[in-house]
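One structure is given here, and the rest of the page talks about it.
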Amino acid sequence: MNENEKVLKKMWLNEKYGDLSEKRSNIDIGTWSELFYFVMGSLTNFLIGDPIDSNDLQFSAKYLDLLTSVEDTKNKFYMDSKLCLYGAVLYYLAGYPGASNVLLKNVNDSKLSYYELILLEVLSNDSKQKHKETEIGNQTMKFLNGEIEKNELFDIISDEMNKAYQNGTDDDVIAIESIFGVIKKEIEYATIELLPHFSNSSKDFWIDEVRSNKVVPLLWSSQKKLGEAGVFDNKSAVIQMPTGTGKTASISLILRSKMAQGKLKTAIVVVPFKSIRDEIFNKLKHDFNDDKVNINKLNEEMNDDYFSKNSRNDLPSVLIVTPEKLMFLIHVEENILDDVSTIIFDEAHQLDAGERGVTFELLQATLDRLVDPKIQRLFISAVIGNPQTISEWFNSGKNIAISSVKAKRYSNTYGFAKWDSKNNFGNLFLIRQEDAFDDGWVKIKNIIQPKRITKNKTEPNFKRANKSTALRWETVLLTEKFSGKGMVAVFVPRKDSLKNLANEFVTYADSNQKFEKNILNDTLISEKEKISMLLQLNFGSDNVFVQAFKYGVFVHDRDIPLGIRNSIEYAARKKHIGLLLCTTTLSQGVNLPIKTMIVTSLGNGKLQLKSRDINNLIGRVGRSGIVNEGNTIFVENNSKTSNTKIKTAIITIMNNMKIENLGSSLLDLFVEKPVNEFDYNSHILTIDEWFNNDFLDDPNLWIRINIKESQRFLEKAYLEKAQTIEKIENFLMSFWEIIQLGDIADNVDDIAKNTYAYHIANEKKKELLIELFHRLYDKLVKYNVNSTSAKLFSRTLCGINDSIHMNKWVSENIDNILYSDDININLVTIWPYIILRDTILQDEDQQTVLELLKAWINGESYELLVTRWKGFGDVKIHNKRASIESVVSICEQDFQYNFSMYLSSLSEMIDDPVKKNRLIQLQESVSVGLAKKSEKIVFGLGINDRYLARKISEYIGNEDYETNEIINWIQDNKSILKQQLNGFLPAYFTNIIDGLKSIV
């Protein structure tokens, strides 16, 4: 490490002391300021054209960033506007406009000279501020808006440059040269210069888009890279875009490029989770708000809502769907893909994510058969370990792999907390990103001291045999050190640990007003109260998460209803939340302004988090344009190997750890592994145990006969095999007519070989895969599948066994089901079918589950569902007693997903249009947990909290209103409605209400 780096490291350490509210180490302003000459030398050398390494520019930018951020009476440069301005210049010239914008926020324009004011305005040209105070600022904006040519702009700069050299000071000369350097960089990234070329479209189109604020005037470096690769001109690609490099904004730009070419007909964005679907929908809805484009967020219900509500007008459409929904639509409507111009797979690393990964892979194989190879297909993820392999399979290799976007130096601090049992305090070990190859660890001693929580309780107490409680308290006290200086997220890999940690935070906040105040430094009180009250209306006042929310300790997990999670994310993006406890839901495409991430464990039980999970997590820290350096801190678990393990993990992260290759969930069929993923000593399920005629002939029946009720893990492992087998059977039925054309054996071979599983399998597993496809095809023949039945059964998304059972059940019971307009009566008539379909439900207390399901579809809160459950005595469901967490899990996994899918499948077997419609209404109610038509419409408009949807429906007062009538009512009564809901209406929902427009 050279002397300059040593000085910078000392400055960085002082900033960390400030972050931790600790007494700073020796501040040597004299030595620090000596580096100023090197920094300005680097800048001026770059401006006159000398070859300067990008690392020198980044070093110089970081130096000014740190120099102006260390708050101390000795530091006369703290928040110095001129130095902040030049730090922003250096970041910008190094290629990091986001970091530049962070420093610009600290600039007070009243402290600047004339030329420095011009420089500030030129640097701010990516904002929507159209009027500038200076001539060059205005003319630069005019160029970026397409109002003048760049030679006219250069003439104006040249005149001003001559004045500065003739009459100005040395500072003026540096400023005008910086202005020229920044403008040249802006021209290099100007939207109106690049996108007409990248998209092979009219420059006038892009000028209009920039002027109307539909696109920003300057592209990001990642977007420029996409353009250079032809992505804006219909090229298919496998794209690895690290978290924070503008993935969602790039999707918007890809769609707008299609508009520029006049080729946007139907674009499909496939996303793995509802949360990501909602985020992309909201972004695209905002971006295309003034365009004649239908942005459709299709719900999970497997009905043809797209065709009945949105389709077949002349406007271009964007469909944002899950893989399951798109697979259903393809089976239902053969022509849905006829007008498709682009298909985008977002968060595509979910390709190997269990059951959903199988659907994703078979969907891709389906599209490969049905979609013209000329149609653009994009495979986007932040974490792809084998992009070239994916590229070879995706679109038959006729695409490009984009896998490198330049990372910023000095972007993150890493560290770990370790408890010193001998001295009874916690130490913090920190290291900078750039010290990855050195032994650059810095120890901050005695950072955490034990605290008296109650009269007889001091924490953390590592003298206990079980260290779990002490580790949680170490996490709480470590979090306190970082609170109040930007958002802190605490990551907990396991859900069962989350509740216990939340409880410790509540206990501490209740006994420590200073901690609560620190949290609330970054929390908007009114928003905290509204979100916590809404959760209380769902969960009840005694729930530990409700108590945590009231103190400003928010939780992001699947156990929190989606609408409230959306509200938390929205508030966090507005910087209204200071502390967030989270599980892996945070790594699933959620973008929040996190300054510090505290990771409580590297392992998920006895399993390690995958590299991609860790990368996705740490990619959420220090977001571009929000903070210039984030902190990722691990909590050591006091085991003998923990210290080495965490150090190794951190160094590996800093050295750009190798991301695991994307595997195939379909190929996982042939992976022999323990049935209990948390216990490597549990039974290993071998291929021979399931790959036999007895199991394949009817997997679910085999499981019911051969697996004991007590063998939960074994049952789950076999069910996973059964689910994959059913998906393959459905896949084969969807291609039944194609298989019959020509040599059947060759066609089945081709279909199997078209999967990603076959592409990456070794020779033995390729043979097994092809054999499995043939065995399952033979099974379909055995059950007399023909073109008619294959078409019908494929629409159910079920395998052949369930399809036959379903068809038989409907034939035998059609006169006794769905005979009423009462949704509760219809549920009771359908209940025997649900029991027939659900292998696990057959071992549960079915009456209790039915009563919970009735209460769920009638909109009862989770709190009331728990009370109802307890009314049946000490009944367990899925081996769990009544609790909020158990109820949420049942509602989300069983009711909203499994049962809803069963009803979707059943609807394909019913010909009577009246009964079919009643079943669809029931399915929608099961999916969202609401019974009335108006409630479901309100929920579908984006007000996706059951309590709010019911309340708004009550105020509307007409259960038969159609969608536009409800939208018009809300528009007409918006002010009164928001006033009535004020105490529990978070800003997220206020924003949705304000943005509602009638559907054309």
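Going through the structure tokens in order, the chains are called A, B, and so on, while each chain numbers its residues from 1 and the ligands are numbered from 1 in the order shown.
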
Find the residues near Glu527 of chain A: any atom within 8 Å, counting only C-alpha atoms, skip ones fewer than 2 places away on the same chain, and give them as a ChimeraX atom specification.
/A:523-525,529-531,571,576,986-987

Helix (DSSP H, G or I) call set, DSSP backbone run, segment 244-399 of chain A, as a PyMOL selection string:
chain A and resi 247-261+274-287+305-310+323-332+348-352+354-370+387-397

So, with only C-alpha atoms as the atoms that count, which of A:Ser341, A:Thr248, A:Thr648, A:Asn386 lies closest to Lys374 of chain A?
A:Ser341

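Take atom CA of Ala745 of chain A and atom CA of Met733 of chain A: the distance between them is 14.7 Å.
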
If we count only C-alpha atoms and set the cut-off at 10 Å, which residues sit around Leu537 of chain A, ignoring sequence neighbours fewer than 3 positions away in its own chain? Please answer as a ChimeraX atom specification.
/A:531-534,540-541,546,861-863,946-948,984

Could you pull out all residues of segment 411-635 of chain A with a DSSP call of strand (DSSP E) and give them as a ChimeraX atom specification?
/A:412-420,425-432,442-448,451-454,457-459,487-491,553-556,579-582,594-599,603-604,607-608,630-635

Which polymer residues have any atom within 9 Å of an atom of segment 689-699 of chain A, counting only C-alpha atoms, with same-chain residues fewer than 5 positions away left out, as a PyMOL selection string?
chain A and resi 704+718-719+721-723+725-726+772+775-776+779+800-801

At a cut-off of 10 Å, using only C-alpha atoms, what residues contact Pro832 of chain A? Leave out same-chain residues fewer than 4 positions from it and give the result as a list in words.
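With the cut-off at 10 Å, the set is Trp809, Leu827, Val828, Leu836, Arg837 and Gln846 of chain A.
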
List the spatial neighbours of Ile956 of chain A as a CSV table (one decimal) with C-alpha atoms, in the first residue's frame - criterion: any atom at most 10 Å away, only C-alpha atoms, same-chain residues fewer than 4 positions off excluded.
chain,number,residue,atom,x,y,z
A,934,SER,CA,-66.3,-4.8,-5.1
A,935,GLU,CA,-63.7,-5.9,-2.5
A,950,ARG,CA,-63.0,-4.2,2.6
A,951,LYS,CA,-63.1,-0.7,4.2
A,952,ILE,CA,-63.1,1.1,0.8
A,961,TYR,CA,-70.0,-1.8,-9.3
A,965,GLU,CA,-67.4,2.7,-11.7
A,966,ILE,CA,-65.3,2.0,-8.6
A,969,TRP,CA,-66.1,6.7,-7.3
A,970,ILE,CA,-62.7,6.8,-5.7
A,973,ASN,CA,-64.4,10.9,-3.3
A,977,LEU,CA,-61.7,8.6,1.5

Selected residue, from A:Ile148, A:Leu93, A:Val102, A:Leu580, that lies nearest to Val182 of chain A when counting only C-alpha atoms
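Of A:Ile148, A:Leu93, A:Val102, A:Leu580, the one nearest Val182 of chain A, counting only C-alpha atoms, is A:Leu93.
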
Per residue of segment 501-606 of chain A within 10 Å of segment 872-890 of chain A, which atom pair is closest and at what distance in Å (one decimal), using only C-alpha atoms, listed by chain and increasing number, as a Markdown table?
| residue | atom | partner | partner_atom | distance |
| --- | --- | --- | --- | --- |
| A:Asn538 | CA | A:Ile884 | CA | 9.6 |
| A:Phe539 | CA | A:Ile884 | CA | 6.8 |
| A:Gly540 | CA | A:Ile884 | CA | 9.1 |
| A:Asn543 | CA | A:Ile884 | CA | 7.8 |
| A:Arg558 | CA | A:Ser889 | CA | 8.3 |
| A:Asp559 | CA | A:Val888 | CA | 5.9 |
| A:Ile560 | CA | A:Val888 | CA | 8.0 |
| A:Pro561 | CA | A:Val888 | CA | 8.0 |

Can you write just those residues out, N, CA, C and O atoms, as a CSV table (one decimal), in the first residue's frame?
chain,number,residue,atom,x,y,z
A,538,ASN,N,-54.5,-6.2,10.9
A,538,ASN,CA,-54.4,-7.5,10.3
A,538,ASN,C,-54.0,-8.6,11.4
A,538,ASN,O,-54.6,-9.7,11.4
A,539,PHE,N,-53.1,-8.2,12.3
A,539,PHE,CA,-52.5,-9.2,13.2
A,539,PHE,C,-52.9,-9.1,14.6
A,539,PHE,O,-52.7,-10.1,15.4
A,540,GLY,N,-53.5,-8.0,15.0
A,540,GLY,CA,-53.8,-7.8,16.4
A,540,GLY,C,-52.7,-7.1,17.2
A,540,GLY,O,-51.5,-7.1,16.8
A,543,ASN,N,-49.3,-8.9,18.7
A,543,ASN,CA,-48.3,-9.6,17.9
A,543,ASN,C,-46.9,-8.9,18.0
A,543,ASN,O,-46.9,-7.6,18.0
A,558,ARG,N,-42.0,-13.0,4.3
A,558,ARG,CA,-43.2,-13.5,3.7
A,558,ARG,C,-44.4,-13.6,4.7
A,558,ARG,O,-45.5,-13.6,4.3
A,559,ASP,N,-44.0,-13.6,6.0
A,559,ASP,CA,-45.1,-13.6,7.0
A,559,ASP,C,-45.8,-12.2,7.1
A,559,ASP,O,-46.8,-12.1,7.8
A,560,ILE,N,-45.2,-11.2,6.5
A,560,ILE,CA,-45.9,-9.9,6.5
A,560,ILE,C,-46.7,-9.8,5.2
A,560,ILE,O,-46.2,-10.0,4.2
A,561,PRO,N,-48.0,-9.5,5.3
A,561,PRO,CA,-48.8,-9.4,4.1
A,561,PRO,C,-48.2,-8.5,3.1
A,561,PRO,O,-47.6,-7.5,3.4

Tell me, as a PyMOL selection string, which residues lie within 12 Å of Asp155 of chain A, counting only C-alpha atoms; anything in the same chain fewer than 5 positions away does not count.
chain A and resi 136+139-140+148-150+160-162+180

Keeping C-alpha atoms, export the residues of the selection given above as a compact mmCIF listing (two decimals), in the first residue's frame.
# COMPACT_ATOMS: atom_id res chain seq x y z
CA ILE A 136 -23.62 27.38 -20.34
CA GLN A 139 -27.23 25.71 -23.38
CA THR A 140 -26.04 22.30 -22.17
CA ILE A 148 -29.10 22.94 -30.36
CA GLU A 149 -26.25 21.00 -31.96
CA LYS A 150 -23.09 20.15 -30.05
CA GLU A 160 -16.22 31.32 -21.93
CA MET A 161 -12.96 29.38 -21.77
CA ASN A 162 -11.08 32.23 -23.48
CA PHE A 180 -15.58 21.19 -20.66
